[in-house]
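> Here you go, one structure.
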Amino acid sequence: MKLNMQIAFAPPEETYLRLRRKYPFTPYGKGNPSRVLLSCILSARTKDELTYPTADELFKKYPTPKELCSAPPQDVETLLKPLGFFRQKAKHIREAACFISEKDVPKTTEELLLVPGIGPKCAAIVRAFGWGIPDIAVDTHVFRISKRLGWTTSADTLDQTQKKLKLLFPINQWVFINHLVVSLGRDVCRPQRPLCNLCVLSDICPYPSNP
Ligand code: SF4
């Protein structure tokens, strides 16, 4: 039940606090761009408690991108077996390791998106936690849910969405926005029929289908 039927938009600070509690995130390999990038590939649709010990085992055996690039594919698959989609992740992580062992880890979003297995979420994480460059990555989840939460309008483009979000949130929160909103989108705020009755924002969200 909404507290206030006249809600125009979800208050950013309260939204941020609730989502941080619901979808916690601790970056792996902070300050080490290649570790941040490679571990981000492993983390897709996997909990940190499972991702981080697996990453530790992988990097113990193959500590550098160059060594991982030339690792036997079968061995990498075996090391990643505890993770979901381990075959796909083994392929992507070796390709990414080869890419960055030749060209180093890129700093711009555009170049990071050229690395195999890296999407907007990982690009933002690499920039923030690998290189110390805060940013807000706007992908389809962030674009859609920002409208539902009343932070943007249906007329806003991807660039305008990013600009508005940067005005709504303090800079030290930027890097978490993509992770939090994507997690919300995968969990309950799905493109079709969002599960508003299960959402931690249900009392502060203005979306019309939210009861
Ligand atoms: S699931 Fe519903 S209540 Fe939650 S953010 Fe999406 S539209 Fe709002």
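Note on naming: chains are A, B, ... as they come in the structure tokens, residues start from 1 per chain, ligands start from 1 in the order shown.
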List the spatial neighbours of Arg35 of chain A as a compact mmCIF listing (two decimals) with C-alpha atoms, in the first residue's frame - criterion: any atom at most 12 Å away, only C-alpha atoms, same-chain residues fewer than 4 positions off excluded.

```
# COMPACT_ATOMS: atom_id res chain seq x y z
CA PRO A 27 33.53 -5.16 -5.43
CA TYR A 28 36.22 -7.79 -6.01
CA GLY A 29 39.81 -6.73 -6.71
CA LYS A 30 39.32 -3.01 -6.02
CA GLY A 31 42.23 -0.98 -7.45
CA SER A 39 35.76 -11.17 -11.81
CA CYS A 40 32.85 -9.11 -13.14
CA ILE A 41 32.47 -11.62 -15.99
CA LEU A 42 32.29 -14.40 -13.41
CA SER A 43 29.72 -12.56 -11.30
CA TYR A 52 34.66 -14.63 -5.00
CA ALA A 55 37.73 -16.16 -8.59
CA ASP A 56 40.34 -16.70 -5.85
CA LEU A 58 41.17 -19.14 -10.71
CA PHE A 59 43.61 -16.28 -10.02
CA LYS A 60 45.72 -18.47 -7.74
CA TYR A 62 46.41 -18.09 -13.41
CA PRO A 63 47.47 -14.82 -11.72
CA THR A 64 47.93 -12.69 -14.86
CA PRO A 65 45.69 -12.08 -17.89
CA LEU A 68 44.78 -17.00 -18.22
CA ILE A 93 36.98 -14.84 -19.46
CA ALA A 96 38.74 -11.09 -22.23
CA ALA A 97 42.09 -12.11 -20.71
CA ILE A 100 43.52 -7.12 -22.02
CA ASP A 104 45.63 -3.44 -21.26
CA VAL A 105 42.30 -2.69 -19.54
CA CYS A 122 30.71 -4.37 -15.82
CA ILE A 125 32.24 -1.33 -12.30
CA VAL A 126 35.66 -1.51 -13.98
CA PHE A 129 36.48 0.18 -8.82
CA GLY A 130 39.36 -0.61 -11.18
CA TRP A 131 40.28 2.90 -12.30
```
> Which polymer residues have any atom within 7 Å of an atom of segment 75-80 of chain A, counting only C-alpha atoms, with same-chain residues fewer than 6 positions away left out, as a VMD selection string?
chain A and resid 54 58 86 to 87 90
> Quick one: pull the distance between atom CA of Val188 of chain A and atom CA of His141 of chain A, Å, one decimal.
11.4 Å
> Report as a Markdown table the residues of chain A within 6 Å of ligand 1, each with its shortest atom pair and distance in Å (one decimal), using only C-alpha atoms and all ligand atoms, ordered by chain and increasing residue number.

```
| residue | atom | partner | partner_atom_place_in_ligand_line | distance |
| --- | --- | --- | --- | --- |
| A:Arg148 | CA | ligand 1 | 7 (S) | 5.5 |
| A:Val188 | CA | ligand 1 | 1 (S) | 5.0 |
| A:Cys189 | CA | ligand 1 | 1 (S) | 3.7 |
| A:Pro194 | CA | ligand 1 | 1 (S) | 4.7 |
| A:Leu195 | CA | ligand 1 | 1 (S) | 5.0 |
| A:Cys196 | CA | ligand 1 | 2 (Fe) | 3.5 |
| A:Cys199 | CA | ligand 1 | 4 (Fe) | 4.6 |
| A:Leu201 | CA | ligand 1 | 4 (Fe) | 5.1 |
| A:Ser202 | CA | ligand 1 | 3 (S) | 3.9 |
| A:Cys205 | CA | ligand 1 | 8 (Fe) | 4.7 |
| A:Tyr207 | CA | ligand 1 | 7 (S) | 5.0 |
| A:Asn210 | CA | ligand 1 | 2 (Fe) | 5.1 |
```
> Those same residues - C-alpha atoms - I'd like them written as a PDB file, in the first residue's frame.

```
ATOM      1  CA  ARG A 148       8.707   3.879 -13.520  1.00  0.00           C
ATOM      2  CA  VAL A 188      10.828  -7.893  -9.452  1.00  0.00           C
ATOM      3  CA  CYS A 189      10.663  -4.848 -11.743  1.00  0.00           C
ATOM      4  CA  PRO A 194       6.371  -6.055 -12.510  1.00  0.00           C
ATOM      5  CA  LEU A 195       5.915  -7.870  -9.204  1.00  0.00           C
ATOM      6  CA  CYS A 196       5.087  -4.707  -7.243  1.00  0.00           C
ATOM      7  CA  CYS A 199       9.076  -4.979  -4.182  1.00  0.00           C
ATOM      8  CA  LEU A 201       9.876   0.170  -3.062  1.00  0.00           C
ATOM      9  CA  SER A 202       6.156  -0.553  -3.337  1.00  0.00           C
ATOM     10  CA  CYS A 205       6.941   4.053  -6.213  1.00  0.00           C
ATOM     11  CA  TYR A 207       4.222   3.424 -11.183  1.00  0.00           C
ATOM     12  CA  ASN A 210       1.811  -0.593  -8.303  1.00  0.00           C
TER      13      ASN A 210
END
```
> Write out as a PDB file with C-alpha atoms, in the first residue's frame all residues of segment 47-169 of chain A that DSSP puts in alpha helix (DSSP H) for this structure's backbone.

```pdb
ATOM      1  CA  ASP A  48      29.270 -12.889  -4.453  1.00  0.00           C
ATOM      2  CA  GLU A  49      29.624 -15.707  -1.902  1.00  0.00           C
ATOM      3  CA  LEU A  50      30.052 -18.122  -4.798  1.00  0.00           C
ATOM      4  CA  THR A  51      31.842 -15.835  -7.264  1.00  0.00           C
ATOM      5  CA  TYR A  52      34.662 -14.631  -5.003  1.00  0.00           C
ATOM      6  CA  PRO A  53      36.042 -18.010  -3.788  1.00  0.00           C
ATOM      7  CA  THR A  54      35.887 -19.275  -7.382  1.00  0.00           C
ATOM      8  CA  ALA A  55      37.733 -16.157  -8.593  1.00  0.00           C
ATOM      9  CA  ASP A  56      40.340 -16.705  -5.845  1.00  0.00           C
ATOM     10  CA  GLU A  57      40.971 -20.261  -7.094  1.00  0.00           C
ATOM     11  CA  LEU A  58      41.175 -19.145 -10.712  1.00  0.00           C
ATOM     12  CA  PHE A  59      43.607 -16.281 -10.023  1.00  0.00           C
ATOM     13  CA  LYS A  60      45.716 -18.470  -7.740  1.00  0.00           C
ATOM     14  CA  LYS A  61      46.363 -20.773 -10.686  1.00  0.00           C
ATOM     15  CA  PRO A  65      45.695 -12.084 -17.892  1.00  0.00           C
ATOM     16  CA  LYS A  66      48.484 -13.488 -20.091  1.00  0.00           C
ATOM     17  CA  GLU A  67      48.556 -16.774 -18.185  1.00  0.00           C
ATOM     18  CA  LEU A  68      44.775 -16.998 -18.215  1.00  0.00           C
ATOM     19  CA  CYS A  69      44.732 -16.286 -21.948  1.00  0.00           C
ATOM     20  CA  PRO A  73      40.035 -24.165 -21.941  1.00  0.00           C
ATOM     21  CA  GLN A  74      39.078 -27.426 -20.232  1.00  0.00           C
ATOM     22  CA  ASP A  75      40.991 -26.454 -17.085  1.00  0.00           C
ATOM     23  CA  VAL A  76      39.322 -23.034 -16.905  1.00  0.00           C
ATOM     24  CA  GLU A  77      35.914 -24.696 -17.296  1.00  0.00           C
ATOM     25  CA  THR A  78      36.732 -27.076 -14.453  1.00  0.00           C
ATOM     26  CA  LEU A  79      37.764 -24.201 -12.162  1.00  0.00           C
ATOM     27  CA  PHE A  86      30.404 -21.842 -16.448  1.00  0.00           C
ATOM     28  CA  ARG A  87      31.148 -22.865 -20.052  1.00  0.00           C
ATOM     29  CA  GLN A  88      30.073 -19.511 -21.419  1.00  0.00           C
ATOM     30  CA  LYS A  89      31.961 -17.684 -18.636  1.00  0.00           C
ATOM     31  CA  ALA A  90      35.107 -19.769 -19.259  1.00  0.00           C
ATOM     32  CA  LYS A  91      34.995 -18.793 -22.934  1.00  0.00           C
ATOM     33  CA  HIS A  92      34.392 -15.106 -22.222  1.00  0.00           C
ATOM     34  CA  ILE A  93      36.978 -14.840 -19.462  1.00  0.00           C
ATOM     35  CA  ARG A  94      39.708 -16.373 -21.625  1.00  0.00           C
ATOM     36  CA  GLU A  95      38.799 -14.110 -24.548  1.00  0.00           C
ATOM     37  CA  ALA A  96      38.745 -11.087 -22.231  1.00  0.00           C
ATOM     38  CA  ALA A  97      42.087 -12.107 -20.709  1.00  0.00           C
ATOM     39  CA  CYS A  98      43.634 -12.334 -24.206  1.00  0.00           C
ATOM     40  CA  PHE A  99      42.163  -8.914 -25.094  1.00  0.00           C
ATOM     41  CA  ILE A 100      43.516  -7.121 -22.017  1.00  0.00           C
ATOM     42  CA  SER A 101      46.862  -8.916 -22.025  1.00  0.00           C
ATOM     43  CA  GLU A 102      47.454  -7.409 -25.473  1.00  0.00           C
ATOM     44  CA  LYS A 103      45.860  -3.978 -25.050  1.00  0.00           C
ATOM     45  CA  THR A 109      33.029   2.894 -21.542  1.00  0.00           C
ATOM     46  CA  GLU A 110      33.132   2.682 -25.346  1.00  0.00           C
ATOM     47  CA  GLU A 111      36.405   0.707 -25.325  1.00  0.00           C
ATOM     48  CA  LEU A 112      35.389  -1.456 -22.380  1.00  0.00           C
ATOM     49  CA  PRO A 120      27.426  -1.618 -19.446  1.00  0.00           C
ATOM     50  CA  LYS A 121      27.199  -2.852 -15.846  1.00  0.00           C
ATOM     51  CA  CYS A 122      30.705  -4.367 -15.821  1.00  0.00           C
ATOM     52  CA  ALA A 123      32.084  -1.380 -17.749  1.00  0.00           C
ATOM     53  CA  ALA A 124      30.843   0.960 -14.999  1.00  0.00           C
ATOM     54  CA  ILE A 125      32.238  -1.332 -12.303  1.00  0.00           C
ATOM     55  CA  THR A 140      17.722  -1.130 -20.620  1.00  0.00           C
ATOM     56  CA  HIS A 141      16.888  -1.884 -16.960  1.00  0.00           C
ATOM     57  CA  VAL A 142      18.048   1.528 -15.709  1.00  0.00           C
ATOM     58  CA  PHE A 143      16.323   3.271 -18.630  1.00  0.00           C
ATOM     59  CA  ARG A 144      12.984   1.508 -18.023  1.00  0.00           C
ATOM     60  CA  ILE A 145      12.951   1.619 -14.235  1.00  0.00           C
ATOM     61  CA  SER A 146      14.036   5.273 -13.980  1.00  0.00           C
ATOM     62  CA  LYS A 147      10.782   6.122 -15.772  1.00  0.00           C
ATOM     63  CA  ARG A 148       8.707   3.879 -13.520  1.00  0.00           C
ATOM     64  CA  LEU A 158      19.637   7.437 -22.680  1.00  0.00           C
ATOM     65  CA  ASP A 159      21.962  10.447 -22.376  1.00  0.00           C
ATOM     66  CA  GLN A 160      19.297  12.586 -20.707  1.00  0.00           C
ATOM     67  CA  THR A 161      18.529   9.731 -18.312  1.00  0.00           C
ATOM     68  CA  GLN A 162      22.181   9.543 -17.312  1.00  0.00           C
ATOM     69  CA  LYS A 163      22.382  13.325 -16.784  1.00  0.00           C
ATOM     70  CA  LYS A 164      19.255  13.343 -14.604  1.00  0.00           C
ATOM     71  CA  LEU A 165      20.452  10.414 -12.506  1.00  0.00           C
ATOM     72  CA  LYS A 166      23.773  12.162 -11.928  1.00  0.00           C
ATOM     73  CA  LEU A 167      21.888  15.153 -10.568  1.00  0.00           C
ATOM     74  CA  LEU A 168      19.694  12.986  -8.313  1.00  0.00           C
TER      75      LEU A 168
END
```
> Between atom CA of Ala137 of chain A and atom CA of Thr108 of chain A, what is the distance, to one decimal in Å?
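Interatomic distance, atom CA of Ala137 of chain A to atom CA of Thr108 of chain A: 11.8 Å.
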